[in-house]
Amino acid sequence: MQPGDIVNAVRALDGVAFTSTGMRDAGQSDYKNRHRIYDLVTLAPYYERMNIFSAECHGGARWHVGIMNRKENPFEEICLLRERMPNVLLQTLIRETNLWGYRPYPKNVIEYVVANVDIDVWRCFSFLNDIRNMRAVADVVMKRGRLFQPAISFTQADWATNEYYLKLVDEIAGLCGGMDEIILCIKDMAGVGSPKRISSLVDAIKQAYPELVVQYHRHATDGLAVPALLAAAKAGAKIIDVEEDALTRFYGQAPMLTVQAYFEESGVKTALNREEAVRASQKIRDWIKHYEWAESPFKGFDHTVTAHKMPGGAFPSSFEQAEKGGFLHLMPAILRVMSLYNRIVKYFDVTPGSQITWVTCSGIVNKYAKAKGEAGVMHVIDLLARFVEEKGQEFGAMSLEEQDELLTLFRNAPGDFKNLILGHYGRLPMGWPAEWVYRSAFGDDWEEKLKERKELSPLDTLPEDNLEKIHGDLSEHLGRRPTDEEFILYLMHPKDALTFIEFRDTYGETPMVLPTNVWREGLKNQGDKVEFEFWGKPYCIELVSLGREHEGVIHVVMRVNNKTRVYTVETPRAKKVEIRMAKGQTQIGAPINGSVWRIGNPQRGALKAGDMVHKGEEIANLEAMKMENAIIAPFDALVREICVKLNESVQEGQLLFELKKL
Amino acid sequence: MERKIKKILIANRGVPAVRIIHTCRDRKIPTVAVYSTPDRLAHHVRVADSAIYIGEAPPAESYLNMQKMIGAALKSGADAIHPGWGFLAENSIFAQMVIDAGLVWIGPPPKVIKVMGDKMEAKKLAMRANVPTIPGISGVTDVEQIKKWIKDEDVSYPIIIKAAFGGGGKGMVKVESDDGLLIALEQARSEARKSFGDDKLLVEKYIERGRHIEVQIVADEHGNVFHLYERECTLQRRNQKIIEEAPSPSINHDIRNEMCFTAARLMREIGYTSAGTVEFIFDSASKRFYFLEVNTRLQVEHGITELITGLDIAGLMIDVADGKKFSFKQADIHPNRWALEVRINAEDPKNFSPSFGRITRMEVPQGPGVRISQGAYEGADIPAYYDSLVMLIMTAGSDRDDAVRVMDRVLSRNFRVEGIKTLAPLLLSIIRHESFRRGEFSTRFIEEHMSELVSMFKEKSMEDEVLKIAKFVAKVSALGPQEWM
């Protein structure tokens with residue numbers, strides 16, 4: 001179906017349709033994106049019959065967490081889902097110029113990547129609501145005949161008025177050449193819109209654009225999701241984001257069976273096949289127990305989200321970081337600082353903005369906590385509260401001492417915060433922050449920095465990347481030609497993609513094949529086994545015995561398809577014998593594995609450090625399987641160091657000599 | 001004189017030792033293996049009837065130590081010694097020592113070994129027997145001598161420096177220009193001394209893109225000198241053969257006959273007995289062949305000749321040593337199939353760097369048309385001191401395509417070694433290469449096509465992929481949830 005046909009079908013619908021976020025945002029909001037495709041794919045047969053508008057199964061942080069923590073690649077996921085639910089529209093979430101990363105990518109990268117990902121519905125949002133930044137994604141998606149779904153980031157604040165949003169909708173109409181081939185999403189990523197507020201906004205948009213299909217995406221954090229969704233539907237939203245009931249916790253979407261029942265009772269028809277939705281929810285109970293460890297340590301709805309505005313997706317990961325960093329007890333203070341900060345620098349707390357907010361605010365609180373303990377934390381909250389809530393952010397109204405303190409507040413803020421206020425991501429929704437913020441961030445350089453501030457979209461300012469060169473770099477790293485998909489992973493997250501590819505080269509299809517309990521915990525007791533099918537044949541791995549740690553290794557005996565195998569696993573305490581490898585021109589390495597049976601040559605005898613050697617002179621000889629291999633001095637040189645001993649066995653590439661050119 | 005050998009000591013290890021033991025078993029002759037310290041648990045020791053320790057790992061202290069070898073034979077009550085190939089197989093002093101100790105030497109007469117072992121002498125003899133030879137000089141001691149020869153006889157590079165007593169690719173160095181001459185000479189001299197205990201060298205014109213074709217000869221003490229047709233041994237790396245086949249795809253009927261009869265004539269002339277080989281280099285451009293050398297031993301690749309003729313050459317060697325007369329005539333030899341052999345060496349197939357270590361898993365190929373000659377078993381260690389040959393795989397079929405097809409099956413689906421690297425992926429790439437299939441290749445085929453051959457390595461096998469999964473299960477079972485999860 002062409003985008004226009006899809007839009008018309010939704011317009012003609014009697015009632016509302018659902019998008020299930022069960023395969024992406026549900027997992028992102030309450031389980032740190034750890035739901036493996038191995039488990040999610042079990043839902044596909046139900047989705048195929050559930051009669052949903054689309055399945056959000058891709059994008060957001062799922063991509064990055066996939067390659068880092070689940071070792072899955074988003075292309076494999078699409079492939080599996082297409083095979084198992086060919087009639088369901090697959091939906092992604094993309095961060096305009098930041099794509100599935102955290103910083104703007106150049107236009108040619110955006111175009112290349114978007115053109116090579118097989119997704120039907122492209123929900124695209126901007127944490128700045130800078131519609132200009134969506135242009136490259138919109139162009140490619142619409143040209144490909146896929147459905148573009150621009151999203152406006154929603155928050156509830158005094159400045160976030162209907163007029164403000166309508167202006168954005170106008171800009172979107174301009175960008176997309178009208179509203180007949182797109183669906184507009186209102187993205188309430190923190191779950192803060194009250195039923196009244198959302199009703200008013202949808203109504204205002206529908207009055208301005210009666211033909212526009214509006215979809216409402218809302219998190220449940222404030223506890224008011226279900227009534228807010230009904231309010232949106234009654235005001236004219238045609239598609240509502242929900243998730244399977246068995247997945248719901250606190251920060252994701254509302255439970256679909258609940259929403260359906262409530263809608264139907266209130267006279268709003270729904271397109272959902274309830275029986276299949278019930279089965280999907282039951283299926284989830286088979287595997288959701290394996291993910292308890294991934295849930296946020298901070299449980300329960302949180303109506304104070306309306307102040308601190310931390311988005312659903314960031315909840316578990318922020319708490320995880322706080323726990324790891326040992327400052328979980330500071331969370332209430334950090335949330336309070338966030339609620340003040342977001343009135344000083346105004347943008348939307350959603351990736352990458354939410355990360356900038358988090359790092360900036362947790363950094364400020366931690367700094368005060370380290371310097372002055374709890375009293376310090378109280379002090380900075382007092383300072384900011386007085387400035388924002390009492391003095392109405394009038395800098396001059398603060399005492400000189402307080403002014404000085406504010407002027408150091410952002411000095412240690414992360415580079416991305418500084419880039420943000422310099423316009424590297426685009427325009428801020430309510431204009432640039434006050435002058436003192438720049439003085440605070442940049443100190444004496446603030447005026448210089450201010451001159452660098454960009455008014456244009458990064459699409460117009462970022463120079464293009466040399467894709468061929470990047471491809472070459474990757475080939476060099478891998479020592480082979482990368483696949484097209486590996487190249488895209490590398491374009492998105494170079495460092496993490498390399499680790500991922502290395503993992504998959506070592507462990508192959510493991511992430512796609514192992515059940516989650518075995519994936520995470522392995523086999524525990526003698527006789528435990530895991531059975532799976534792989535490339536069309538059955539396999540079985542059974543644990544025979546697990547040795548005790550001895551000198552840094554553990555021996556694991558397993559029966560792989562009935563054949564006993566012993567695996568030697570190095571523990572983190574394993575002693576590594578470091579072998580120096582030759583690098584550069586002046587370090588001479590071994591050409592093969594072998595033993596150094598002569599250092600020097602018969603004419604001159606043995607060599608020692610400090611000797612001079614001549615170009616072409618044999619300086620050592622390696623023997624392997626009775627074949628000799630002369631090591632020749634590549635230039636006239638002084639022997640700085642002889643790095644091996646006579647008769648030592650050496651590896652190919654191992655450093656033999658350190659020379660100094662003469 | 002008819003004798004009856006009662007017990008044979010095999011003065012060797014690995015693949016050759018096991019090969020000889022098989023024939024001894026067929027004939028119900030008890031066998032004695034010898035072993036060095038690292039070979040205590042080696043395969044040849046397991047399959048022999050008894051075994052005797054002969055010394056430390058370095059060959060000079062064990063497999064090359066003649067006194068110890070003779071002592072072991074006497075101690076064990078063996079009345080004959082078979083040297084296999086390599087080590088002492090072409091050592092005339094050893095052969096004589098065996099005879100002097102009152103034991104039977106299963107091989108050609110020591111004086112024939114001696115003459116043929118001296119490549120300069122061998123060449124002279126060949127010339128005298130009207131066998132065509134390659135231009136070259138002998139008794140080379142310094143660079144000036146070589147330069148003078150090049151000038152006088154108007155020889156162009158490349159040339160090859162060889163150990164006069166060499167064989168098996170050791171002590172052979174190819175030289176491309178004046179610049180490399182000194183180092184090459186030194187290397188050849190040193191390798192010659194180390195491998196053969198003699199640093200006499202000779203130099204020859206190197207025939208570019210030549211093919212190695214050799215004729216298998218068997219001769220008894222009663223004047224019967226028969227050829228068992230030829231083998232093609234062109235595919236080499238660093239002058240060591242890795243794929244052989246019989247018959248040769250590069251020659252026609254007439255050349256075959258001429259070559260085989262020339263070989264038999266030469267061997268008759270020099271008074272050869274037992275099994276041996278006459279090696280030729282065949283210049284496919286001019287369709288001419290030149291004498292290269294006589295190998296006075298059983299060769300690695302003898303098995304493919306056995307496959308096409310149905311004869312047991314190791315058995316014939318024992319018959320000859322027993323003083324028996326062949327029970328067949330030249331006219332009875334009718335090769336009626338095609339056979340192919342690949343050498344499974346413990347080496348990295350990408351760069352031939354040796355791969356020592358333990359064979360953690362070995363699945364030996366089976367099925368129609370396959371013959372295996374195994375030198376190590378699953379669980380065995382491949383020590384760094386000796387030859388890297390682990391296994392010979394031979395396949396046979398009614399024609400060349402058939403034999404290659406079986407080899408493809410074996411290498412791609414049937415054969416599996418874990419723990420060490422082997423040449424198997426490279427061998428598979430070669431037999432799948434279009435030029436090989438057409439029979440068009442030279443001794444330089446591998447070096448010329450290396451990167452192409454490496455790019456043909458199969459990326460994934462199902463078994464490897466499953467083992468990757470098992471490896472992960474082992475890791476997580478031992479260490480618990482991973483940090484990055």
# chains A, B, ... in the order shown; residues from 1 in each chain; ligands from 1
$ closest_atom_pairs --of "chain B" --to "chain A" --cutoff "8 Å" --atoms "only C-alpha atoms" --output "tab-separated table"
residue	atom	partner	partner_atom	distance
B:Lys170	CA	A:Met627	CA	6.7
B:Ile183	CA	A:Glu618	CA	7.8
B:Gln187	CA	A:Glu628	CA	7.2
B:Glu191	CA	A:Glu628	CA	7.0
B:Ser195	CA	A:Lys626	CA	7.5
B:Ser353	CA	A:Ile592	CA	5.4
B:Pro354	CA	A:Asn593	CA	6.3
B:Ser355	CA	A:Asn593	CA	7.9
B:Ala384	CA	A:Met625	CA	6.6
B:Tyr385	CA	A:Met625	CA	6.4
B:Tyr386	CA	A:Met625	CA	5.9
B:Asp387	CA	A:Met625	CA	5.7
B:Ser388	CA	A:Met625	CA	6.7
B:Met462	CA	A:Trp535	CA	7.7
B:Glu465	CA	A:Gly508	CA	5.9
B:Val466	CA	A:Phe534	CA	7.9
B:Lys468	CA	A:Tyr507	CA	4.5
B:Ile469	CA	A:Thr510	CA	4.9
B:Ala470	CA	A:Ile541	CA	6.9
B:Lys471	CA	A:Tyr567	CA	7.1
B:Phe472	CA	A:Tyr507	CA	6.2
B:Val473	CA	A:Gly522	CA	5.4
B:Ala474	CA	A:Val556	CA	5.9
B:Lys475	CA	A:Val569	CA	5.8
B:Val476	CA	A:Gly522	CA	4.8
B:Ser477	CA	A:Gly522	CA	4.0
B:Ala478	CA	A:Ile554	CA	6.6
B:Leu479	CA	A:Thr571	CA	7.0
B:Gly480	CA	A:Glu521	CA	5.2
B:Pro481	CA	A:Arg520	CA	5.1
B:Gln482	CA	A:Arg520	CA	7.4
B:Trp484	CA	A:Asn69	CA	5.6
B:Met485	CA	A:Asn69	CA	4.6
$ residues_around --residues "Ser177 in chain B" --least-positions-apart "4" --cutoff "7 Å" --atoms "only C-alpha atoms" --output "list in words"
Tyr157, Pro158 and Leu181 of chain B
$ write_last_selection --atoms "N, CA and C atoms" --output "CSV table (one decimal), in the first residue's frame"
chain,number,residue,atom,x,y,z
B,157,TYR,N,68.6,-15.7,-15.0
B,157,TYR,CA,67.8,-15.9,-13.7
B,157,TYR,C,66.4,-16.3,-14.1
B,158,PRO,N,65.7,-16.9,-13.2
B,158,PRO,CA,66.1,-17.4,-11.9
B,158,PRO,C,66.9,-18.7,-12.0
B,181,LEU,N,72.0,-13.5,-4.1
B,181,LEU,CA,72.8,-14.7,-4.2
B,181,LEU,C,73.5,-15.2,-2.9
$ closest_residue --among "A:Arg439, A:Arg49, A:Lys615, A:Lys346" --to "Asp404 in chain A" --atoms "only C-alpha atoms"
A:Arg439
$ residues_around --residues "Ala339 in chain B" --least-positions-apart "2" --cutoff "12 Å" --atoms "only C-alpha atoms" --output "NGL selection string"
:B and (230-232 or 243-249 or 301-310 or 335-337 or 341-342 or 369-371 or 393-407)
$ write_last_selection --atoms "C-alpha atoms" --output "PDB file, in the first residue's frame"
ATOM      1  CA  GLU B 230      53.792 -41.653 -13.493  1.00  0.00           C
ATOM      2  CA  ARG B 231      52.531 -39.199 -10.940  1.00  0.00           C
ATOM      3  CA  GLU B 232      51.988 -35.486 -11.367  1.00  0.00           C
ATOM      4  CA  ILE B 243      48.668 -32.190  -4.166  1.00  0.00           C
ATOM      5  CA  GLU B 244      49.608 -35.129  -6.351  1.00  0.00           C
ATOM      6  CA  GLU B 245      47.718 -37.136  -8.895  1.00  0.00           C
ATOM      7  CA  ALA B 246      48.096 -40.148 -11.094  1.00  0.00           C
ATOM      8  CA  PRO B 247      48.109 -40.310 -14.020  1.00  0.00           C
ATOM      9  CA  SER B 248      49.463 -36.905 -15.051  1.00  0.00           C
ATOM     10  CA  PRO B 249      46.953 -34.675 -16.850  1.00  0.00           C
ATOM     11  CA  GLU B 301      52.634 -39.983  -2.698  1.00  0.00           C
ATOM     12  CA  HIS B 302      53.150 -43.680  -3.525  1.00  0.00           C
ATOM     13  CA  GLY B 303      49.572 -44.347  -2.407  1.00  0.00           C
ATOM     14  CA  ILE B 304      47.976 -42.902  -5.527  1.00  0.00           C
ATOM     15  CA  THR B 305      50.025 -45.265  -7.682  1.00  0.00           C
ATOM     16  CA  GLU B 306      48.792 -48.096  -5.483  1.00  0.00           C
ATOM     17  CA  LEU B 307      45.251 -46.875  -6.051  1.00  0.00           C
ATOM     18  CA  ILE B 308      45.528 -46.851  -9.854  1.00  0.00           C
ATOM     19  CA  THR B 309      47.496 -50.120 -10.159  1.00  0.00           C
ATOM     20  CA  GLY B 310      46.120 -52.121  -7.256  1.00  0.00           C
ATOM     21  CA  PRO B 335      46.228 -48.530 -14.433  1.00  0.00           C
ATOM     22  CA  ASN B 336      42.478 -48.256 -14.712  1.00  0.00           C
ATOM     23  CA  ARG B 337      41.465 -45.269 -12.652  1.00  0.00           C
ATOM     24  CA  GLU B 341      46.202 -37.086  -3.033  1.00  0.00           C
ATOM     25  CA  VAL B 342      46.266 -34.049  -0.781  1.00  0.00           C
ATOM     26  CA  GLY B 369      36.461 -43.709  -3.184  1.00  0.00           C
ATOM     27  CA  VAL B 370      38.477 -42.567  -0.172  1.00  0.00           C
ATOM     28  CA  ARG B 371      41.803 -43.777   1.249  1.00  0.00           C
ATOM     29  CA  ILE B 393      43.807 -38.042   1.922  1.00  0.00           C
ATOM     30  CA  MET B 394      43.547 -39.934  -1.345  1.00  0.00           C
ATOM     31  CA  THR B 395      40.528 -40.294  -3.545  1.00  0.00           C
ATOM     32  CA  ALA B 396      39.985 -42.342  -6.660  1.00  0.00           C
ATOM     33  CA  GLY B 397      37.485 -42.405  -9.479  1.00  0.00           C
ATOM     34  CA  SER B 398      37.037 -43.674 -12.993  1.00  0.00           C
ATOM     35  CA  ASP B 399      38.435 -40.432 -14.378  1.00  0.00           C
ATOM     36  CA  ARG B 400      39.925 -37.179 -13.150  1.00  0.00           C
ATOM     37  CA  ASP B 401      36.581 -35.428 -12.639  1.00  0.00           C
ATOM     38  CA  ASP B 402      35.384 -38.327 -10.543  1.00  0.00           C
ATOM     39  CA  ALA B 403      38.427 -38.319  -8.309  1.00  0.00           C
ATOM     40  CA  VAL B 404      38.213 -34.544  -7.871  1.00  0.00           C
ATOM     41  CA  ARG B 405      34.509 -34.761  -7.081  1.00  0.00           C
ATOM     42  CA  VAL B 406      35.168 -37.241  -4.284  1.00  0.00           C
ATOM     43  CA  MET B 407      37.987 -35.066  -2.941  1.00  0.00           C
TER      44      MET B 407
END
$ residues_around --residues "Ala606 in chain A" --least-positions-apart "2" --cutoff "12 Å" --atoms "only C-alpha atoms" --output "VMD selection string"
chain A and resid 597 to 604 608 to 609 611 613 618 to 621 642 645 to 646
$ atom_distance --atom1 "CA of Val377 in chain A" --atom2 "CA of Gly300 in chain A"
25.0 Å
$ select_by_dssp --residues "range 63-149 of chain B" --states "alpha helix (DSSP H)" --output "PyMOL selection string"
chain B and resi 66-76+92-100+110-117+119-128+143-149
$ write_last_selection --atoms "N, CA and C atoms" --output "compact mmCIF listing (two decimals), in the first residue's frame"
# COMPACT_ATOMS: atom_id res chain seq x y z
N MET B 66 71.71 -42.93 14.11
CA MET B 66 71.83 -44.25 13.48
C MET B 66 72.17 -45.34 14.49
N GLN B 67 73.11 -45.02 15.40
CA GLN B 67 73.49 -46.05 16.38
C GLN B 67 72.29 -46.48 17.21
N LYS B 68 71.55 -45.47 17.69
CA LYS B 68 70.40 -45.78 18.54
C LYS B 68 69.38 -46.63 17.78
N MET B 69 69.24 -46.31 16.49
CA MET B 69 68.25 -47.01 15.69
C MET B 69 68.64 -48.49 15.54
N ILE B 70 69.90 -48.70 15.23
CA ILE B 70 70.37 -50.08 15.07
C ILE B 70 70.27 -50.82 16.42
N GLY B 71 70.69 -50.11 17.48
CA GLY B 71 70.60 -50.69 18.81
C GLY B 71 69.18 -51.11 19.15
N ALA B 72 68.23 -50.25 18.79
CA ALA B 72 66.82 -50.55 19.08
C ALA B 72 66.38 -51.79 18.32
N ALA B 73 66.82 -51.92 17.07
CA ALA B 73 66.42 -53.07 16.26
C ALA B 73 66.97 -54.35 16.88
N LEU B 74 68.25 -54.30 17.27
CA LEU B 74 68.87 -55.50 17.83
C LEU B 74 68.19 -55.86 19.15
N LYS B 75 67.95 -54.83 19.95
CA LYS B 75 67.35 -55.06 21.26
C LYS B 75 65.95 -55.67 21.15
N SER B 76 65.23 -55.21 20.15
CA SER B 76 63.84 -55.65 20.03
C SER B 76 63.71 -56.98 19.31
N SER B 92 72.89 -43.56 2.87
CA SER B 92 73.57 -44.80 2.47
C SER B 92 74.42 -45.37 3.61
N ILE B 93 74.93 -44.46 4.45
CA ILE B 93 75.75 -44.94 5.58
C ILE B 93 74.89 -45.78 6.51
N PHE B 94 73.70 -45.26 6.75
CA PHE B 94 72.79 -45.99 7.63
C PHE B 94 72.41 -47.34 7.00
N ALA B 95 72.09 -47.31 5.72
CA ALA B 95 71.69 -48.55 5.04
C ALA B 95 72.80 -49.59 5.19
N GLN B 96 74.04 -49.12 5.03
CA GLN B 96 75.17 -50.05 5.14
C GLN B 96 75.32 -50.56 6.58
N MET B 97 75.09 -49.62 7.54
CA MET B 97 75.18 -50.02 8.95
C MET B 97 74.16 -51.11 9.28
N VAL B 98 72.99 -50.97 8.69
CA VAL B 98 71.92 -51.95 8.94
C VAL B 98 72.39 -53.32 8.46
N ILE B 99 72.93 -53.32 7.24
CA ILE B 99 73.38 -54.58 6.66
C ILE B 99 74.54 -55.15 7.48
N ASP B 100 75.47 -54.26 7.86
CA ASP B 100 76.63 -54.70 8.62
C ASP B 100 76.25 -55.27 9.98
N PRO B 110 72.85 -49.78 -0.64
CA PRO B 110 73.49 -48.56 -0.13
C PRO B 110 74.29 -47.82 -1.19
N LYS B 111 74.98 -48.54 -2.06
CA LYS B 111 75.82 -47.81 -3.02
C LYS B 111 74.97 -47.05 -4.04
N VAL B 112 73.79 -47.59 -4.34
CA VAL B 112 72.88 -46.87 -5.25
C VAL B 112 72.35 -45.61 -4.55
N ILE B 113 72.03 -45.77 -3.28
CA ILE B 113 71.55 -44.60 -2.52
C ILE B 113 72.64 -43.52 -2.53
N LYS B 114 73.88 -43.97 -2.32
CA LYS B 114 74.98 -43.03 -2.24
C LYS B 114 75.16 -42.27 -3.55
N VAL B 115 75.19 -43.01 -4.63
CA VAL B 115 75.40 -42.37 -5.93
C VAL B 115 74.25 -41.44 -6.28
N MET B 116 73.05 -41.90 -6.06
CA MET B 116 71.90 -41.09 -6.44
C MET B 116 71.69 -39.93 -5.46
N GLY B 117 72.20 -40.10 -4.25
CA GLY B 117 72.08 -39.04 -3.26
C GLY B 117 72.98 -37.86 -3.60
N LYS B 119 73.69 -35.42 -6.06
CA LYS B 119 72.95 -34.98 -7.25
C LYS B 119 73.85 -34.74 -8.45
N MET B 120 75.10 -34.37 -8.15
CA MET B 120 76.02 -34.14 -9.27
C MET B 120 76.34 -35.46 -9.95
N GLU B 121 76.60 -36.47 -9.10
CA GLU B 121 76.89 -37.81 -9.64
C GLU B 121 75.68 -38.35 -10.40
N ALA B 122 74.51 -38.16 -9.79
CA ALA B 122 73.29 -38.68 -10.38
C ALA B 122 73.09 -38.09 -11.77
N LYS B 123 73.37 -36.80 -11.84
CA LYS B 123 73.18 -36.12 -13.11
C LYS B 123 74.15 -36.67 -14.17
N LYS B 124 75.37 -36.90 -13.73
CA LYS B 124 76.37 -37.45 -14.67
C LYS B 124 75.91 -38.81 -15.17
N LEU B 125 75.43 -39.61 -14.23
CA LEU B 125 74.96 -40.94 -14.62
C LEU B 125 73.81 -40.86 -15.60
N ALA B 126 72.91 -39.91 -15.32
CA ALA B 126 71.75 -39.74 -16.20
C ALA B 126 72.21 -39.36 -17.60
N MET B 127 73.17 -38.43 -17.65
CA MET B 127 73.67 -38.00 -18.95
C MET B 127 74.28 -39.18 -19.69
N ARG B 128 75.03 -40.00 -18.92
CA ARG B 128 75.65 -41.16 -19.53
C ARG B 128 74.58 -42.13 -20.06
N VAL B 143 79.99 -17.52 -4.41
CA VAL B 143 79.16 -16.75 -5.32
C VAL B 143 79.82 -16.55 -6.68
N GLU B 144 81.14 -16.33 -6.66
CA GLU B 144 81.85 -16.04 -7.91
C GLU B 144 81.71 -17.19 -8.90
N GLN B 145 81.76 -18.40 -8.34
CA GLN B 145 81.62 -19.61 -9.16
C GLN B 145 80.29 -19.58 -9.92
N ILE B 146 79.24 -19.21 -9.19
CA ILE B 146 77.91 -19.18 -9.80
C ILE B 146 77.86 -18.09 -10.87
N LYS B 147 78.43 -16.91 -10.52
CA LYS B 147 78.40 -15.79 -11.47
C LYS B 147 79.16 -16.15 -12.75
N LYS B 148 80.24 -16.86 -12.58
CA LYS B 148 81.05 -17.24 -13.75
C LYS B 148 80.24 -18.19 -14.65
N TRP B 149 79.60 -19.15 -14.02
CA TRP B 149 78.79 -20.13 -14.77
C TRP B 149 77.68 -19.41 -15.55
$ residues_around --residues "Arg211 in chain B" --least-positions-apart "4" --cutoff "9 Å" --atoms "only C-alpha atoms" --output "PyMOL selection string"
chain B and resi 207+232-235+250+280-284+441-443
$ write_last_selection --atoms "C-alpha atoms" --output "CSV table (one decimal), in the first residue's frame"
chain,number,residue,atom,x,y,z
B,207,ILE,CA,62.6,-23.9,-15.2
B,232,GLU,CA,52.0,-35.5,-11.4
B,233,CYS,CA,53.4,-33.6,-8.4
B,234,THR,CA,53.4,-30.1,-9.8
B,235,LEU,CA,51.4,-28.4,-7.1
B,250,SER,CA,49.8,-32.8,-18.6
B,280,PHE,CA,61.5,-35.2,-14.2
B,281,ILE,CA,60.7,-31.6,-14.8
B,282,PHE,CA,58.4,-31.2,-17.8
B,283,ASP,CA,58.5,-28.0,-19.7
B,284,SER,CA,55.0,-27.8,-21.1
B,441,PHE,CA,49.0,-25.3,-13.7
B,442,SER,CA,52.7,-25.1,-13.0
B,443,THR,CA,54.9,-25.4,-9.9
$ residues_around --residues "Cys24 in chain B" --least-positions-apart "4" --cutoff "9 Å" --atoms "only C-alpha atoms" --output "PyMOL selection string"
chain B and resi 7-8+20+28-31+314-315+318
$ write_last_selection --atoms "N, CA and C atoms" --output "tab-separated table (two decimals), in the first residue's frame"
chain	number	residue	atom	x	y	z
B	7	LYS	N	60.49	-59.84	11.71
B	7	LYS	CA	60.03	-58.72	12.55
B	7	LYS	C	60.68	-57.44	12.00
B	8	ILE	N	59.88	-56.43	11.79
B	8	ILE	CA	60.40	-55.21	11.15
B	8	ILE	C	60.37	-54.03	12.13
B	20	ILE	N	53.67	-48.14	6.85
B	20	ILE	CA	54.43	-49.39	6.75
B	20	ILE	C	53.82	-50.45	7.67
B	28	LYS	N	51.12	-60.22	8.50
B	28	LYS	CA	51.33	-60.84	9.81
B	28	LYS	C	52.79	-60.78	10.26
B	29	ILE	N	53.46	-59.71	9.89
B	29	ILE	CA	54.84	-59.52	10.35
B	29	ILE	C	54.79	-58.57	11.56
B	30	PRO	N	55.29	-58.98	12.71
B	30	PRO	CA	55.27	-58.09	13.87
B	30	PRO	C	56.12	-56.83	13.63
B	31	THR	N	55.71	-55.75	14.24
B	31	THR	CA	56.38	-54.47	14.01
B	31	THR	C	56.92	-53.87	15.30
B	314	ALA	N	54.72	-50.87	-0.66
B	314	ALA	CA	55.45	-51.20	0.57
B	314	ALA	C	55.61	-52.72	0.68
B	315	GLY	N	54.58	-53.44	0.28
B	315	GLY	CA	54.63	-54.90	0.29
B	315	GLY	C	55.67	-55.42	-0.69
B	318	ILE	N	59.06	-55.26	0.70
B	318	ILE	CA	59.36	-56.38	1.62
B	318	ILE	C	59.66	-57.64	0.80
$ closest_atom_pairs --of "range 106-197 of chain A" --to "range 250-274 of chain A" --cutoff "12 Å" --atoms "only C-alpha atoms" --output "Markdown table"
| residue | atom | partner | partner_atom | distance |
| --- | --- | --- | --- | --- |
| A:Lys187 | CA | A:Gln253 | CA | 11.5 |
| A:Asp188 | CA | A:Gln253 | CA | 10.3 |
| A:Met189 | CA | A:Gly252 | CA | 9.0 |
| A:Ala190 | CA | A:Tyr251 | CA | 8.1 |
| A:Gly191 | CA | A:Tyr251 | CA | 8.0 |
| A:Val192 | CA | A:Tyr251 | CA | 11.2 |
$ select_by_dssp --residues "range 150-273 of chain B" --states "strand (DSSP E)" --output "PyMOL selection string"
chain B and resi 159-167+170-175+201-205+211-219+225-237+240-246
